[in-house]
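Have a look at run-v2.pdb below; it lists PDB, C-alpha atoms.
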ATOM      1  CA  MET A  17     -98.657  66.369  79.408
ATOM      2  CA  THR A  18     -95.981  65.546  76.831
ATOM      3  CA  ALA A  19     -96.717  66.022  73.178
ATOM      4  CA  MET A  20     -95.060  63.622  70.769
ATOM      5  CA  VAL A  21     -93.801  65.310  67.634
ATOM      6  CA  PRO A  22     -93.021  63.011  64.724
ATOM      7  CA  THR A  23     -89.518  63.306  63.353
ATOM      8  CA  ALA A  24     -88.688  63.474  59.681
ATOM      9  CA  ARG A  25     -88.402  59.992  58.244
ATOM     10  CA  PRO A  26     -86.644  59.092  55.029
ATOM     11  CA  THR A  27     -89.087  58.675  52.183
ATOM     12  CA  GLU A  28     -86.793  56.441  50.140
ATOM     13  CA  PRO A  29     -87.375  52.701  50.439
ATOM     14  CA  ARG A  30     -85.085  50.858  52.832
ATOM     15  CA  ARG A  31     -83.654  48.709  50.024
ATOM     16  CA  ASP A  32     -82.674  51.795  48.021
ATOM     17  CA  ARG A  33     -81.063  53.378  51.073
ATOM     18  CA  LEU A  34     -79.064  50.196  51.729
ATOM     19  CA  VAL A  35     -77.815  50.059  48.126
ATOM     20  CA  ALA A  36     -77.078  53.787  48.274
ATOM     21  CA  ALA A  37     -75.084  53.440  51.514
ATOM     22  CA  VAL A  38     -72.944  50.662  50.036
ATOM     23  CA  SER A  39     -72.396  52.584  46.812
ATOM     24  CA  LEU A  40     -71.532  55.789  48.675
ATOM     25  CA  ALA A  41     -68.947  53.899  50.745
ATOM     26  CA  LEU A  42     -67.453  52.474  47.539
ATOM     27  CA  SER A  43     -67.479  55.896  45.896
ATOM     28  CA  LEU A  44     -65.720  57.501  48.848
ATOM     29  CA  ALA A  45     -63.085  54.746  48.836
ATOM     30  CA  MET A  46     -62.593  55.232  45.089
ATOM     31  CA  SER A  47     -62.077  58.980  45.508
ATOM     32  CA  ARG A  48     -58.550  58.239  46.758
ATOM     33  CA  TRP A  49     -57.710  56.502  43.454
ATOM     34  CA  PRO A  50     -56.288  58.277  40.410
ATOM     35  CA  LEU A  51     -59.003  59.478  38.026
ATOM     36  CA  ARG A  52     -58.035  56.987  35.301
ATOM     37  CA  TRP A  53     -58.618  54.100  37.760
ATOM     38  CA  GLN A  54     -62.001  55.544  38.707
ATOM     39  CA  ILE A  55     -62.946  55.763  35.031
ATOM     40  CA  ALA A  56     -61.767  52.184  34.427
ATOM     41  CA  ALA A  57     -63.821  50.927  37.378
ATOM     42  CA  VAL A  58     -66.983  52.680  36.165
ATOM     43  CA  GLN A  59     -66.448  51.297  32.647
ATOM     44  CA  LEU A  60     -66.965  47.779  34.008
ATOM     45  CA  VAL A  61     -70.751  48.314  33.888
ATOM     46  CA  ARG A  62     -70.890  48.912  30.131
ATOM     47  CA  GLY A  63     -72.595  45.592  29.365
ATOM     48  CA  LEU A  64     -75.638  46.256  31.531
ATOM     49  CA  PRO A  65     -78.897  47.657  30.114
ATOM     50  CA  HIS A  66     -79.682  51.319  30.762
ATOM     51  CA  ALA A  67     -81.778  52.244  33.776
ATOM     52  CA  ARG A  68     -85.000  54.222  33.486
ATOM     53  CA  LEU A  69     -84.842  57.889  34.473
ATOM     54  CA  ALA A  70     -87.323  57.401  37.322
ATOM     55  CA  ARG A  71     -85.165  54.638  38.817
ATOM     56  CA  LEU A  72     -82.009  56.733  38.459
ATOM     57  CA  ASP A  73     -83.766  59.639  40.152
ATOM     58  CA  ALA A  74     -84.871  57.385  43.036
ATOM     59  CA  LEU A  75     -81.323  56.100  43.544
ATOM     60  CA  TYR A  76     -79.937  59.645  43.389
ATOM     61  CA  ALA A  77     -82.390  60.704  46.101
ATOM     62  CA  ALA A  78     -81.395  57.665  48.177
ATOM     63  CA  VAL A  79     -77.700  58.561  47.886
ATOM     64  CA  LEU A  80     -78.471  62.111  49.016
ATOM     65  CA  ALA A  81     -80.472  60.709  51.947
ATOM     66  CA  VAL A  82     -77.635  58.532  53.260
ATOM     67  CA  ILE A  83     -74.886  61.163  53.223
ATOM     68  CA  PRO A  84     -73.634  61.309  56.821
ATOM     69  CA  ARG A  85     -73.575  64.742  58.410
ATOM     70  CA  TRP A  86     -70.532  63.814  60.477
ATOM     71  CA  TRP A  87     -68.286  62.987  57.508
ATOM     72  CA  PRO A  88     -65.112  65.096  57.816
ATOM     73  CA  GLY A  89     -64.131  64.950  54.145
ATOM     74  CA  ARG A  90     -65.564  66.023  50.838
ATOM     75  CA  ILE A  91     -68.831  64.604  49.557
ATOM     76  CA  ALA A  92     -69.733  66.688  46.545
ATOM     77  CA  CYS A  93     -71.048  66.210  43.020
ATOM     78  CA  MET A  94     -68.270  63.867  41.920
ATOM     79  CA  GLU A  95     -68.713  61.445  44.814
ATOM     80  CA  ILE A  96     -72.517  61.642  44.720
ATOM     81  CA  SER A  97     -72.778  61.083  40.953
ATOM     82  CA  ARG A  98     -70.282  58.199  41.089
ATOM     83  CA  ALA A  99     -72.242  56.654  43.987
ATOM     84  CA  THR A 100     -75.439  56.970  41.945
ATOM     85  CA  VAL A 101     -73.824  55.158  39.002
ATOM     86  CA  ILE A 102     -72.510  52.436  41.335
ATOM     87  CA  ALA A 103     -75.935  52.065  42.974
ATOM     88  CA  THR A 104     -77.516  51.715  39.549
ATOM     89  CA  ALA A 105     -74.978  49.025  38.664
ATOM     90  CA  LEU A 106     -75.656  47.180  41.930
ATOM     91  CA  THR A 107     -79.311  46.968  40.895
ATOM     92  CA  GLY A 108     -78.366  45.444  37.530
ATOM     93  CA  ARG A 109     -78.695  48.542  35.357
ATOM     94  CA  ARG A 110     -76.362  51.121  33.884
ATOM     95  CA  ALA A 111     -76.036  54.877  33.955
ATOM     96  CA  ARG A 112     -73.355  57.148  32.534
ATOM     97  CA  TRP A 113     -71.037  59.065  34.836
ATOM     98  CA  VAL A 114     -70.530  62.452  33.218
ATOM     99  CA  LEU A 115     -67.841  64.996  34.021
ATOM    100  CA  GLY A 116     -68.545  68.429  32.623
ATOM    101  CA  ALA A 117     -67.612  72.086  32.696
ATOM    102  CA  ARG A 118     -68.895  75.546  31.899
ATOM    103  CA  PHE A 119     -67.527  79.029  31.360
ATOM    104  CA  LEU A 120     -68.029  82.368  33.091
ATOM    105  CA  PRO A 121     -67.393  81.576  35.848
ATOM    106  CA  HIS A 122     -65.280  78.554  35.087
ATOM    107  CA  ALA A 123     -66.555  75.551  36.999
ATOM    108  CA  ALA A 124     -66.543  71.780  36.861
ATOM    109  CA  HIS A 125     -69.405  69.467  37.743
ATOM    110  CA  ALA A 126     -70.303  65.771  37.650
ATOM    111  CA  TRP A 127     -73.681  64.094  37.186
ATOM    112  CA  ALA A 128     -75.301  60.795  36.234
ATOM    113  CA  GLU A 129     -77.412  60.324  33.146
ATOM    114  CA  VAL A 130     -79.320  57.814  31.062
ATOM    115  CA  PRO A 131     -80.666  58.305  27.510
ATOM    116  CA  GLU A 132     -83.948  59.681  28.960
ATOM    117  CA  GLY A 133     -82.290  62.426  31.011
ATOM    118  CA  ALA A 134     -79.916  63.314  33.828
ATOM    119  CA  VAL A 135     -79.912  63.670  37.608
ATOM    120  CA  GLY A 136     -77.717  66.080  39.514
ATOM    121  CA  ARG A 137     -76.939  68.095  36.416
ATOM    122  CA  ASP A 138     -78.906  71.289  36.842
ATOM    123  CA  ILE A 139     -78.030  72.743  40.185
ATOM    124  CA  GLY A 140     -80.153  75.806  39.528
ATOM    125  CA  ASP A 141     -77.518  78.495  39.899
ATOM    126  CA  ALA A 142     -77.367  79.617  36.285
ATOM    127  CA  VAL A 143     -79.721  78.511  33.557
ATOM    128  CA  ASP A 144     -78.028  80.785  31.032
ATOM    129  CA  ARG A 145     -74.683  78.960  31.438
ATOM    130  CA  PRO A 146     -75.398  75.277  30.763
ATOM    131  CA  TRP A 147     -73.032  72.473  31.658
ATOM    132  CA  MET A 148     -71.176  70.872  28.755
ATOM    133  CA  ALA A 149     -70.194  67.223  28.999
ATOM    134  CA  VAL A 150     -66.446  66.706  28.720
ATOM    135  CA  LEU A 151     -66.275  62.977  29.522
ATOM    136  CA  ALA A 152     -69.043  60.393  29.704
ATOM    137  CA  VAL A 153     -68.272  56.950  31.156
ATOM    138  CA  PRO A 154     -69.183  54.311  29.855
TER     139      PRO A 154
END
Could I get this file's structure written as structure tokens?
Amino acid sequence: MTAMVPTARPTEPRRDRLVAAVSLALSLAMSRWPLRWQIAAVQLVRGLPHARLARLDALYAAVLAVIPRWWPGRIACMEISRATVIATALTGRRARWVLGARFLPHAAHAWAEVPEGAVGRDIGDAVDRPWMAVLAVP
């Protein structure tokens, strides 16, 4: 007798995963551009209204869910946060793309935020060394 074991299914809605896949592809294509071009492209969303934190969090989770395991290149905080901002823009809302840093040890990080809060900012490795925003776009 064969026992069927259910596999893990994505919990994010299909529409969010589709938007996240498109935005991740755009973000990965943009990663080859100079940083000033990336900033200029993200600034195009400045006229849109801000997204709610819950919606930003859902899109961030969708972007994390669609990251391919087979991808040979880098998909880290910069690409994920930029994809989250692009996904938010594709849904008609806006989020800020924030590049930040911290000291001891010196490190750089990127995250997405709205006035209510941020996603991808606290990675849990050091609560006593908070991230400081260096550049927020738009």
### Val82 of chain A environment, 8 Å, all atoms listed in the file, sequence neighbours closer than 4 positions dropped, as a PyMOL selection string
chain A and resi 33+36-37+78
Per-residue nearest contacts of segment 74-105 of chain A to segment 109-130 of chain A (6 Å; only C-alpha atoms) as JSON lines:
{"residue": "A:Cys93", "atom": "CA", "partner": "A:Ala126", "partner_atom": "CA", "distance": 5.4}
{"residue": "A:Met94", "atom": "CA", "partner": "A:Ala126", "partner_atom": "CA", "distance": 5.1}
{"residue": "A:Ser97", "atom": "CA", "partner": "A:Trp127", "partner_atom": "CA", "distance": 4.9}
{"residue": "A:Val101", "atom": "CA", "partner": "A:Ala111", "partner_atom": "CA", "distance": 5.5}
{"residue": "A:Thr104", "atom": "CA", "partner": "A:Arg109", "partner_atom": "CA", "distance": 5.4}
{"residue": "A:Ala105", "atom": "CA", "partner": "A:Arg109", "partner_atom": "CA", "distance": 5.0}
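Reported to one decimal place, the separation of atom CA of Val38 of chain A from atom CA of Gln54 of chain A is 16.5 Å.
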### Task
State, in Å with one decimal place, the distance from atom CA of Leu51 of chain A to atom CA of Ala70 of chain A.
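Rounded to one decimal, the two atoms are 28.4 Å apart.
Between atom CA of Thr107 of chain A and atom CA of Leu151 of chain A lies a distance of 23.6 Å.
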Quick one: contact table of segment 57-86 of chain A to segment 39-49 of chain A, 10 Å max, nearest atom pair and distance in Å to one decimal per residue, counting only C-alpha atoms, chain and number order, as CSV?
residue,atom,partner,partner_atom,distance
A:Ala57,CA,A:Met46,CA,8.9
A:Val79,CA,A:Leu40,CA,6.8
A:Leu80,CA,A:Leu40,CA,9.4
A:Val82,CA,A:Leu40,CA,8.1
A:Ile83,CA,A:Leu40,CA,7.8
### Query
Expanded to explicit residues, what is the PyMOL selection byres ((chain A and resi 75) around 7) for this file, as a list of chain:residue names?
A:Asp32, A:Ala36, A:Arg71, A:Leu72, A:Asp73, A:Ala74, A:Tyr76, A:Ala77, A:Ala78, A:Val79, A:Thr100, A:Ala103
### Chain and number of each residue from the PyMOL selection byres ((chain A and resi 132) around 10), as a list in words
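On the file shown, the PyMOL selection byres ((chain A and resi 132) around 10) covers His66, Ala67, Arg68, Leu69, Ala70, Glu129, Val130, Pro131, Gly133 and Ala134 of chain A.
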